[in-house]
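Note: the block below is work_23.pdb and it holds PDB, C-alpha atoms.
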```pdb
MODEL        1
ATOM      1  CA  MET A 116     -67.410  80.074 146.719
ATOM      2  CA  LYS A 117     -69.341  82.669 144.645
ATOM      3  CA  THR A 118     -66.109  84.523 143.937
ATOM      4  CA  MET A 119     -64.463  81.297 142.777
ATOM      5  CA  SER A 120     -67.457  80.485 140.545
ATOM      6  CA  LYS A 121     -67.270  83.933 138.986
ATOM      7  CA  LEU A 122     -63.553  83.447 138.350
ATOM      8  CA  PHE A 123     -64.154  80.147 136.586
ATOM      9  CA  PHE A 124     -66.893  81.778 134.516
ATOM     10  CA  VAL A 125     -64.596  84.629 133.448
ATOM     11  CA  VAL A 126     -61.784  82.210 132.521
ATOM     12  CA  ALA A 127     -64.206  80.067 130.513
ATOM     13  CA  LEU A 128     -65.567  83.152 128.760
ATOM     14  CA  LEU A 129     -62.092  84.396 127.863
ATOM     15  CA  PHE A 130     -61.205  80.953 126.522
ATOM     16  CA  ALA A 131     -64.348  80.934 124.376
ATOM     17  CA  VAL A 132     -63.532  84.389 123.028
ATOM     18  CA  CYS A 133     -60.009  83.281 122.111
ATOM     19  CA  ILE A 134     -61.411  80.277 120.252
ATOM     20  CA  SER A 135     -63.974  82.393 118.425
ATOM     21  CA  ASN A 136     -61.247  84.816 117.307
ATOM     22  CA  ALA A 137     -59.599  82.116 115.199
ATOM     23  CA  LYS A 138     -59.948  83.107 111.555
ATOM     24  CA  PRO A 139     -61.592  80.496 109.318
ATOM     25  CA  LEU A 140     -58.959  79.133 106.977
ATOM     26  CA  GLU A 141     -59.385  79.668 103.257
ATOM     27  CA  LYS A 142     -59.612  76.646 100.997
ATOM     28  CA  ILE A 143     -56.304  75.919  99.231
ATOM     29  CA  SER A 144     -55.944  74.598  95.702
ATOM     30  CA  VAL A 145     -53.300  74.128  93.017
ATOM     31  CA  LYS A 146     -52.780  76.812  90.403
ATOM     32  CA  GLY A 147     -49.863  76.198  88.100
ATOM     33  CA  LYS A 148     -46.761  75.780  90.226
ATOM     34  CA  ASP A 149     -48.309  77.308  93.349
ATOM     35  CA  PHE A 150     -50.651  76.611  96.215
ATOM     36  CA  VAL A 151     -53.249  79.377  96.264
ATOM     37  CA  THR A 152     -56.052  80.419  98.587
ATOM     38  CA  GLU A 153     -59.649  81.088  97.541
ATOM     39  CA  SER A 154     -58.867  84.809  97.447
ATOM     40  CA  GLY A 155     -56.067  84.146  94.955
ATOM     41  CA  LYS A 156     -53.111  84.588  97.300
ATOM     42  CA  VAL A 157     -50.086  82.357  96.785
ATOM     43  CA  ILE A 158     -49.357  80.500 100.018
ATOM     44  CA  ARG A 159     -46.240  78.613 101.000
ATOM     45  CA  LEU A 160     -46.951  75.817 103.459
ATOM     46  CA  LYS A 161     -44.343  75.377 106.197
ATOM     47  CA  GLY A 162     -44.703  73.253 109.303
ATOM     48  CA  VAL A 163     -43.705  69.983 110.918
ATOM     49  CA  SER A 164     -44.531  66.333 110.492
ATOM     50  CA  PHE A 165     -46.194  64.784 113.548
ATOM     51  CA  SER A 166     -45.825  61.157 114.553
ATOM     52  CA  ASP A 167     -48.906  58.919 114.590
ATOM     53  CA  PRO A 168     -51.894  60.340 116.543
ATOM     54  CA  ASP A 169     -52.332  56.859 118.059
ATOM     55  CA  LYS A 170     -48.765  56.921 119.394
ATOM     56  CA  LEU A 171     -49.116  60.478 120.658
ATOM     57  CA  GLU A 172     -52.380  59.705 122.463
ATOM     58  CA  LYS A 173     -50.767  56.686 124.153
ATOM     59  CA  ASN A 174     -47.972  59.024 125.304
ATOM     60  CA  GLY A 175     -50.541  61.444 126.720
ATOM     61  CA  GLN A 176     -49.493  64.108 124.204
ATOM     62  CA  TRP A 177     -52.376  64.278 121.715
ATOM     63  CA  ASN A 178     -53.769  67.540 123.015
ATOM     64  CA  LYS A 179     -53.958  71.211 122.173
ATOM     65  CA  ARG A 180     -50.696  71.892 124.030
ATOM     66  CA  TYR A 181     -48.895  69.784 121.408
ATOM     67  CA  PHE A 182     -50.505  71.731 118.569
ATOM     68  CA  GLN A 183     -49.832  75.042 120.300
ATOM     69  CA  GLU A 184     -46.119  74.229 120.404
ATOM     70  CA  ALA A 185     -46.136  73.575 116.656
ATOM     71  CA  LYS A 186     -47.763  76.970 116.226
ATOM     72  CA  ASN A 187     -45.067  78.463 118.481
ATOM     73  CA  TRP A 188     -42.498  77.112 116.025
ATOM     74  CA  GLY A 189     -44.086  79.147 113.227
ATOM     75  CA  CYS A 190     -46.083  76.377 111.544
ATOM     76  CA  ASN A 191     -48.991  77.088 109.228
ATOM     77  CA  ILE A 192     -49.472  73.382 108.489
ATOM     78  CA  VAL A 193     -48.990  70.073 110.334
ATOM     79  CA  ARG A 194     -48.867  66.509 109.022
ATOM     80  CA  PHE A 195     -50.652  63.534 110.633
ATOM     81  CA  ALA A 196     -48.861  60.225 109.939
ATOM     82  CA  VAL A 197     -51.616  57.580 109.960
ATOM     83  CA  HIS A 198     -50.211  54.033 110.073
ATOM     84  CA  PRO A 199     -52.556  51.304 108.765
ATOM     85  CA  THR A 200     -51.893  48.941 111.665
ATOM     86  CA  ALA A 201     -52.440  51.674 114.274
ATOM     87  CA  LEU A 202     -55.742  52.513 112.613
ATOM     88  CA  ASN A 203     -56.888  48.899 112.670
ATOM     89  CA  ASN A 204     -55.607  48.107 116.153
ATOM     90  CA  ARG A 205     -57.364  51.087 117.722
ATOM     91  CA  GLY A 206     -60.448  50.705 115.557
ATOM     92  CA  TRP A 207     -61.542  53.105 112.831
ATOM     93  CA  ASP A 208     -64.191  54.942 114.841
ATOM     94  CA  ALA A 209     -61.874  55.536 117.802
ATOM     95  CA  TYR A 210     -58.965  56.486 115.565
ATOM     96  CA  PHE A 211     -60.964  58.996 113.565
ATOM     97  CA  LYS A 212     -62.110  60.569 116.825
ATOM     98  CA  LEU A 213     -58.416  61.360 117.429
ATOM     99  CA  VAL A 214     -58.118  62.855 113.944
ATOM    100  CA  ASP A 215     -61.286  64.907 114.525
ATOM    101  CA  ASP A 216     -59.770  66.360 117.691
ATOM    102  CA  GLY A 217     -56.531  67.173 115.891
ATOM    103  CA  VAL A 218     -58.330  68.896 113.040
ATOM    104  CA  LYS A 219     -60.285  70.961 115.574
ATOM    105  CA  TRP A 220     -57.127  72.070 117.419
ATOM    106  CA  ALA A 221     -55.382  72.897 114.152
ATOM    107  CA  ALA A 222     -58.363  75.013 113.065
ATOM    108  CA  GLU A 223     -58.396  76.871 116.379
ATOM    109  CA  LEU A 224     -54.716  77.701 115.873
ATOM    110  CA  GLU A 225     -55.137  78.575 112.175
ATOM    111  CA  MET A 226     -52.981  75.733 110.855
ATOM    112  CA  TYR A 227     -53.759  73.513 107.889
ATOM    113  CA  VAL A 228     -53.569  69.705 108.077
ATOM    114  CA  ILE A 229     -51.991  67.079 105.823
ATOM    115  CA  ILE A 230     -53.460  63.622 106.324
ATOM    116  CA  ASP A 231     -50.779  61.112 105.348
ATOM    117  CA  TRP A 232     -51.476  57.410 104.661
ATOM    118  CA  HIS A 233     -48.222  56.359 106.258
ATOM    119  CA  SER A 234     -47.309  53.133 104.521
ATOM    120  CA  ILE A 235     -43.961  52.164 103.004
ATOM    121  CA  GLY A 236     -43.711  49.596 100.247
ATOM    122  CA  ASN A 237     -45.377  48.507  97.038
ATOM    123  CA  LEU A 238     -49.127  49.052  97.009
ATOM    124  CA  ASN A 239     -49.371  47.433  93.566
ATOM    125  CA  THR A 240     -48.130  44.070  94.860
ATOM    126  CA  GLU A 241     -49.407  44.699  98.407
ATOM    127  CA  LYS A 242     -45.984  43.937  99.849
ATOM    128  CA  PHE A 243     -44.500  46.258 102.467
ATOM    129  CA  SER A 244     -41.235  46.918 104.269
ATOM    130  CA  ASN A 245     -42.622  46.284 107.779
ATOM    131  CA  LYS A 246     -45.849  44.851 109.173
ATOM    132  CA  MET A 247     -46.774  48.256 110.624
ATOM    133  CA  TYR A 248     -47.242  49.456 107.031
ATOM    134  CA  ASN A 249     -49.340  46.503 105.851
ATOM    135  CA  THR A 250     -52.430  47.477 103.899
ATOM    136  CA  THR A 251     -54.225  46.661 100.644
ATOM    137  CA  MET A 252     -55.488  48.682  97.729
ATOM    138  CA  ALA A 253     -59.044  48.012  98.895
ATOM    139  CA  GLU A 254     -58.250  49.271 102.404
ATOM    140  CA  THR A 255     -56.416  52.301 100.993
ATOM    141  CA  VAL A 256     -59.492  53.205  98.941
ATOM    142  CA  LYS A 257     -61.700  52.678 102.007
ATOM    143  CA  PHE A 258     -59.430  54.917 104.092
ATOM    144  CA  TRP A 259     -59.479  57.789 101.633
ATOM    145  CA  GLN A 260     -63.197  57.537 101.003
ATOM    146  CA  THR A 261     -63.742  57.627 104.764
ATOM    147  CA  VAL A 262     -61.484  60.677 105.062
ATOM    148  CA  ALA A 263     -63.207  62.381 102.117
ATOM    149  CA  LYS A 264     -66.691  61.874 103.551
ATOM    150  CA  ARG A 265     -65.585  63.102 106.968
ATOM    151  CA  TYR A 266     -63.687  66.229 105.904
ATOM    152  CA  LYS A 267     -65.488  67.287 102.738
ATOM    153  CA  GLY A 268     -66.028  71.035 102.943
ATOM    154  CA  ASN A 269     -63.531  71.399 105.815
ATOM    155  CA  PRO A 270     -60.749  73.729 104.572
ATOM    156  CA  THR A 271     -58.476  72.939 107.542
ATOM    157  CA  VAL A 272     -57.847  69.485 106.072
ATOM    158  CA  ALA A 273     -56.144  70.775 102.962
ATOM    159  CA  VAL A 274     -53.937  67.941 101.724
ATOM    160  CA  TYR A 275     -54.452  64.224 101.148
ATOM    161  CA  GLU A 276     -51.000  62.576 101.002
ATOM    162  CA  LEU A 277     -52.108  59.464  99.167
ATOM    163  CA  PHE A 278     -49.227  57.115 100.050
ATOM    164  CA  ASN A 279     -46.158  57.895 102.111
ATOM    165  CA  GLU A 280     -43.197  56.135 100.496
ATOM    166  CA  PRO A 281     -43.483  53.910  97.425
ATOM    167  CA  THR A 282     -40.588  51.460  97.124
ATOM    168  CA  ASN A 283     -39.941  47.940  95.931
ATOM    169  CA  GLU A 284     -36.745  47.739  98.020
ATOM    170  CA  SER A 285     -34.571  46.938  94.991
ATOM    171  CA  GLY A 286     -37.008  44.346  93.695
ATOM    172  CA  LYS A 287     -37.742  42.576  96.979
ATOM    173  CA  LEU A 288     -41.332  43.803  96.997
ATOM    174  CA  GLY A 289     -42.072  43.226  93.323
ATOM    175  CA  GLU A 290     -42.006  45.373  90.210
ATOM    176  CA  LEU A 291     -42.650  49.098  90.732
ATOM    177  CA  THR A 292     -41.854  51.952  88.366
ATOM    178  CA  TRP A 293     -43.343  55.386  87.760
ATOM    179  CA  THR A 294     -45.050  53.900  84.692
ATOM    180  CA  THR A 295     -46.910  51.370  86.864
ATOM    181  CA  TRP A 296     -47.317  53.640  89.906
ATOM    182  CA  LYS A 297     -48.912  56.617  88.141
ATOM    183  CA  PRO A 298     -52.048  54.690  87.023
ATOM    184  CA  THR A 299     -52.511  53.448  90.597
ATOM    185  CA  LEU A 300     -52.533  57.038  91.847
ATOM    186  CA  GLU A 301     -54.978  58.101  89.147
ATOM    187  CA  LYS A 302     -57.262  55.207  90.048
ATOM    188  CA  LEU A 303     -57.065  56.172  93.721
ATOM    189  CA  ILE A 304     -57.904  59.820  92.984
ATOM    190  CA  ASP A 305     -60.856  58.646  90.888
ATOM    191  CA  GLU A 306     -62.188  56.816  93.955
ATOM    192  CA  ILE A 307     -61.918  59.958  96.118
ATOM    193  CA  ALA A 308     -62.894  62.793  93.781
ATOM    194  CA  PRO A 309     -66.624  61.932  93.455
ATOM    195  CA  ILE A 310     -66.835  62.413  97.237
ATOM    196  CA  ASP A 311     -64.424  65.322  97.694
ATOM    197  CA  ASN A 312     -62.725  66.992  94.739
ATOM    198  CA  GLU A 313     -61.624  70.102  96.630
ATOM    199  CA  LYS A 314     -58.534  68.771  98.396
ATOM    200  CA  ILE A 315     -54.946  68.742  97.178
ATOM    201  CA  TYR A 316     -53.894  65.239  96.140
ATOM    202  CA  LEU A 317     -50.256  64.858  97.158
ATOM    203  CA  VAL A 318     -48.317  62.307  95.125
ATOM    204  CA  ALA A 319     -45.008  60.697  96.115
ATOM    205  CA  GLY A 320     -42.432  59.533  93.596
ATOM    206  CA  MET A 321     -40.074  56.580  93.463
ATOM    207  CA  ASP A 322     -37.231  55.515  95.761
ATOM    208  CA  TRP A 323     -38.982  55.930  99.140
ATOM    209  CA  GLY A 324     -40.808  59.019  97.926
ATOM    210  CA  TYR A 325     -37.656  60.792  96.765
ATOM    211  CA  LEU A 326     -37.480  60.738  92.956
ATOM    212  CA  LEU A 327     -39.756  62.851  90.764
ATOM    213  CA  ASP A 328     -37.551  62.726  87.681
ATOM    214  CA  GLU A 329     -40.259  61.343  85.342
ATOM    215  CA  VAL A 330     -43.073  63.665  86.404
ATOM    216  CA  ILE A 331     -42.639  66.432  83.820
ATOM    217  CA  GLU A 332     -42.777  63.987  80.906
ATOM    218  CA  ASN A 333     -45.512  61.846  82.462
ATOM    219  CA  PRO A 334     -47.509  63.762  85.104
ATOM    220  CA  VAL A 335     -50.494  62.418  87.045
ATOM    221  CA  ASN A 336     -53.393  63.320  84.776
ATOM    222  CA  ARG A 337     -55.823  64.626  87.367
ATOM    223  CA  LYS A 338     -56.779  68.031  88.754
ATOM    224  CA  ASN A 339     -55.401  69.595  91.955
ATOM    225  CA  VAL A 340     -52.337  67.345  92.097
ATOM    226  CA  ALA A 341     -49.108  68.350  93.825
ATOM    227  CA  TYR A 342     -45.973  66.290  94.378
ATOM    228  CA  CYS A 343     -43.918  65.429  97.442
ATOM    229  CA  THR A 344     -40.322  64.434  97.988
ATOM    230  CA  HIS A 345     -38.386  63.093 100.982
ATOM    231  CA  PRO A 346     -34.881  64.473 100.344
ATOM    232  CA  TYR A 347     -32.913  63.068 103.284
ATOM    233  CA  PRO A 348     -29.206  63.994 103.133
ATOM    234  CA  MET A 349     -27.757  60.580 102.272
ATOM    235  CA  LYS A 350     -29.949  60.109  99.200
ATOM    236  CA  ARG A 351     -27.197  61.944  97.339
ATOM    237  CA  GLU A 352     -23.645  63.102  98.068
ATOM    238  CA  LYS A 353     -22.448  66.692  98.132
ATOM    239  CA  PRO A 354     -22.809  68.933  96.254
ATOM    240  CA  TRP A 355     -26.519  68.334  96.747
ATOM    241  CA  GLU A 356     -28.141  71.157  94.810
ATOM    242  CA  PRO A 357     -27.425  70.006  91.214
ATOM    243  CA  LYS A 358     -28.636  66.504  92.081
ATOM    244  CA  TRP A 359     -31.761  67.776  93.836
ATOM    245  CA  GLU A 360     -32.529  69.907  90.783
ATOM    246  CA  LYS A 361     -32.259  66.894  88.482
ATOM    247  CA  ASP A 362     -34.023  64.416  90.779
ATOM    248  CA  TRP A 363     -37.033  66.488  91.861
ATOM    249  CA  GLY A 364     -36.408  70.224  92.136
ATOM    250  CA  HIS A 365     -37.059  71.042  88.475
ATOM    251  CA  VAL A 366     -40.642  69.845  88.961
ATOM    252  CA  ALA A 367     -41.266  72.906  91.165
ATOM    253  CA  ASP A 368     -40.994  75.076  88.049
ATOM    254  CA  LYS A 369     -44.291  73.602  86.817
ATOM    255  CA  TYR A 370     -46.100  71.982  89.787
ATOM    256  CA  PRO A 371     -46.195  72.609  93.549
ATOM    257  CA  ILE A 372     -43.872  70.499  95.682
ATOM    258  CA  LEU A 373     -44.314  69.801  99.384
ATOM    259  CA  ALA A 374     -41.330  68.078 101.028
ATOM    260  CA  THR A 375     -43.208  66.158 103.714
ATOM    261  CA  GLU A 376     -40.168  64.442 105.241
ATOM    262  CA  PHE A 377     -36.511  65.385 105.556
ATOM    263  CA  GLY A 378     -34.047  66.059 108.353
ATOM    264  CA  PHE A 379     -30.605  65.330 109.709
ATOM    265  CA  MET A 380     -28.858  63.937 112.775
ATOM    266  CA  GLY A 381     -25.300  63.310 113.879
ATOM    267  CA  LYS A 382     -23.961  59.767 113.599
ATOM    268  CA  ASP A 383     -23.650  59.556 117.396
ATOM    269  CA  GLU A 384     -27.225  60.644 118.123
ATOM    270  CA  ARG A 385     -29.715  58.090 119.425
ATOM    271  CA  GLY A 386     -31.437  56.346 116.544
ATOM    272  CA  ALA A 387     -29.002  57.592 113.892
ATOM    273  CA  HIS A 388     -29.565  55.705 110.649
ATOM    274  CA  VAL A 389     -29.253  55.865 106.880
ATOM    275  CA  PRO A 390     -30.301  58.095 105.089
ATOM    276  CA  CYS A 391     -30.460  60.804 107.788
ATOM    277  CA  ILE A 392     -26.890  61.266 108.981
ATOM    278  CA  SER A 393     -25.499  64.741 108.285
ATOM    279  CA  ASP A 394     -25.066  68.148 109.904
ATOM    280  CA  GLU A 395     -26.135  71.773 109.692
ATOM    281  CA  SER A 396     -24.533  72.157 106.266
ATOM    282  CA  TYR A 397     -27.345  69.981 104.950
ATOM    283  CA  GLY A 398     -29.918  72.028 106.856
ATOM    284  CA  GLU A 399     -28.609  75.235 105.320
ATOM    285  CA  ALA A 400     -28.474  73.708 101.848
ATOM    286  CA  ILE A 401     -31.980  72.240 101.883
ATOM    287  CA  ILE A 402     -33.707  75.313 103.351
ATOM    288  CA  ASN A 403     -31.857  77.634 100.964
ATOM    289  CA  TYR A 404     -32.875  75.398  98.069
ATOM    290  CA  PHE A 405     -36.518  75.313  99.216
ATOM    291  CA  ASP A 406     -36.488  79.109  99.554
ATOM    292  CA  LYS A 407     -34.982  79.537  96.096
ATOM    293  CA  LYS A 408     -37.593  77.270  94.491
ATOM    294  CA  GLY A 409     -40.579  78.285  96.643
ATOM    295  CA  ILE A 410     -41.009  74.726  97.906
ATOM    296  CA  SER A 411     -43.245  73.993 100.908
ATOM    297  CA  TYR A 412     -42.004  71.679 103.664
ATOM    298  CA  THR A 413     -42.620  69.740 106.896
ATOM    299  CA  PRO A 414     -39.453  68.208 108.458
ATOM    300  CA  TRP A 415     -39.618  64.902 110.355
ATOM    301  CA  CYS A 416     -40.418  64.419 113.242
ATOM    302  CA  PHE A 417     -42.143  66.417 116.018
ATOM    303  CA  ASP A 418     -41.633  63.632 118.545
ATOM    304  CA  PRO A 419     -38.683  62.726 120.808
ATOM    305  CA  ASP A 420     -38.833  59.018 119.893
ATOM    306  CA  TRP A 421     -38.998  58.801 116.086
ATOM    307  CA  PRO A 422     -35.678  59.917 114.551
ATOM    308  CA  PRO A 423     -34.555  62.207 113.189
ATOM    309  CA  THR A 424     -36.386  63.972 115.983
ATOM    310  CA  LEU A 425     -37.129  67.691 116.156
ATOM    311  CA  ILE A 426     -37.536  67.595 119.955
ATOM    312  CA  THR A 427     -35.750  65.694 122.723
ATOM    313  CA  ASP A 428     -38.527  65.567 125.340
ATOM    314  CA  TRP A 429     -42.145  66.478 125.990
ATOM    315  CA  ASN A 430     -41.078  69.900 127.210
ATOM    316  CA  PHE A 431     -40.384  70.444 123.497
ATOM    317  CA  THR A 432     -36.669  71.042 123.924
ATOM    318  CA  PRO A 433     -35.377  71.305 120.347
ATOM    319  CA  SER A 434     -32.938  68.655 119.174
ATOM    320  CA  ARG A 435     -29.883  69.553 117.143
ATOM    321  CA  GLN A 436     -31.872  69.664 113.905
ATOM    322  CA  GLY A 437     -34.850  71.042 115.819
ATOM    323  CA  LYS A 438     -32.912  74.187 116.724
ATOM    324  CA  PHE A 439     -32.031  74.696 113.093
ATOM    325  CA  PHE A 440     -35.485  74.086 111.600
ATOM    326  CA  LYS A 441     -37.316  75.986 114.332
ATOM    327  CA  ALA A 442     -35.219  79.049 113.470
ATOM    328  CA  ALA A 443     -35.974  78.531 109.766
ATOM    329  CA  LEU A 444     -39.723  78.240 110.403
ATOM    330  CA  LEU A 445     -39.773  81.355 112.568
ATOM    331  CA  LYS A 446     -37.631  83.410 110.198
ATOM    332  CA  HIS A 447     -40.458  84.653 107.996
ATOM    333  CA  VAL A 448     -43.368  84.510 110.448
ATOM    334  CA  LYS A 449     -45.209  87.836 110.481
TER     335      LYS A 449
ENDMDL
END
```
What do you get writing this file as structure tokens?
Amino acid sequence: MKTMSKLFFVVALLFAVCISNAKPLEKISVKGKDFVTESGKVIRLKGVSFSDPDKLEKNGQWNKRYFQEAKNWGCNIVRFAVHPTALNNRGWDAYFKLVDDGVKWAAELEMYVIIDWHSIGNLNTEKFSNKMYNTTMAETVKFWQTVAKRYKGNPTVAVYELFNEPTNESGKLGELTWTTWKPTLEKLIDEIAPIDNEKIYLVAGMDWGYLLDEVIENPVNRKNVAYCTHPYPMKREKPWEPKWEKDWGHVADKYPILATEFGFMGKDERGAHVPCISDESYGEAIINYFDKKGISYTPWCFDPDWPPTLITDWNFTPSRQGKFFKAALLKHVK
């Protein structure tokens, strides 16, 4: 029994040493077209987009093993997709306990975190594409103020993705243009900044977070702003690169871009849907384009159930696109 107790003590001690060896992450900010650390080093953020922590916990997968696998794929950042209805159904206190755990595991593994308010629709009219995305401007402000109070001074939580995918679904959800969306984002940042002005505010453009074509002429007039795009393959036809450059890529010459969702799947794969259907030619094109422009990215989705999936099971077997993007993530890992 004494021998067994000593063994447990040694294992616990080794575990504690491993945790303590994690290097504290440097705060990241925006400088020109780059993300930079406190020491002035340009950093390119590359990782994966997680599904909702609520969903993962219900699957028994919200644990350090899950985060460790993301690290094994070469990630230096992970994205938490927080759905408004999941937050409310679980309860804010219980939900934020999940987020706290995730932030802790990410810190132990030296990965940054994007917190994403995962709604799709028109926040201006408070009309959304599915009830799971239902929220209000008041609730959105409450969410971000809660996040800001909780993670102020925590460099692991580096990015606040203010709203996942703005769309009016061709007018079904009311009027929405960049001219009317930009002031909403500025108002939202103004509600957060007095609490925490040291995070990166990540701003999505039009057309389900794809288009950034009006940003250069009319940027969000706040500090520490970066932009995100969701360039799924069917948003444009081949050749993609000239269209990507016009639609959003040229913005990377002046401001940082973080592509927080993209991916591909064959038309015969489970869950195949517009705008995700394509093949490895898209994977090669998008990663080469990101590399050329220095764009950061987190493909969707590190979950076997939410397509296009990066894994096929909870043994983390890579899917078709997972094999491709895992290789891309690991390519430049030191």
Per-residue nearest contacts of segment 305-421 of chain A to segment 137-144 of chain A (7 Å; all atoms listed in the file) as JSON lines:
```
{"residue": "A:Lys314", "atom": "CA", "partner": "A:Ser144", "partner_atom": "CA", "distance": 6.9}
{"residue": "A:Ile315", "atom": "CA", "partner": "A:Ser144", "partner_atom": "CA", "distance": 6.1}
{"residue": "A:Asn339", "atom": "CA", "partner": "A:Ser144", "partner_atom": "CA", "distance": 6.3}
```
Query raised in the report: Selected by the PyMOL selection byres ((chain A and resi 197) around 6) in the shown coordinates: which residues, as a ChimeraX atom specification?
Result: /A:167,196,198,231-233
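Picture a line from atom CA of Glu223 of chain A to atom CA of Tyr275 of chain A; it runs 20.2 Å.
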Selected by the PyMOL selection byres ((chain A and resi 243) around 10) in the shown coordinates: which residues, as a PyMOL selection string?
chain A and resi 234-238+240-242+244-251+281-284+287-289
Selected residues written out with C-alpha atoms, as a tab-separated table (two decimals), in the frame of the given file:
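result10.tsv was written with the following content:
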```
chain	number	residue	atom	x	y	z
A	234	SER	CA	-47.31	53.13	104.52
A	235	ILE	CA	-43.96	52.16	103.00
A	236	GLY	CA	-43.71	49.60	100.25
A	237	ASN	CA	-45.38	48.51	97.04
A	238	LEU	CA	-49.13	49.05	97.01
A	240	THR	CA	-48.13	44.07	94.86
A	241	GLU	CA	-49.41	44.70	98.41
A	242	LYS	CA	-45.98	43.94	99.85
A	244	SER	CA	-41.24	46.92	104.27
A	245	ASN	CA	-42.62	46.28	107.78
A	246	LYS	CA	-45.85	44.85	109.17
A	247	MET	CA	-46.77	48.26	110.62
A	248	TYR	CA	-47.24	49.46	107.03
A	249	ASN	CA	-49.34	46.50	105.85
A	250	THR	CA	-52.43	47.48	103.90
A	251	THR	CA	-54.22	46.66	100.64
A	281	PRO	CA	-43.48	53.91	97.42
A	282	THR	CA	-40.59	51.46	97.12
A	283	ASN	CA	-39.94	47.94	95.93
A	284	GLU	CA	-36.74	47.74	98.02
A	287	LYS	CA	-37.74	42.58	96.98
A	288	LEU	CA	-41.33	43.80	97.00
A	289	GLY	CA	-42.07	43.23	93.32
```
Give me the result of the PyMOL selection byres ((chain A and resi 357-367) around 9) on this file, residue by residue, as a ChimeraX atom specification.
/A:148-149,320,325-331,342-344,346,351-356,368-372,404-405,408-410
Judged by all atoms listed in the file, the minimum distance to Gly217 of chain A among A:Thr424, A:Thr255, A:Thr271, A:Ser411 is found for A:Thr271
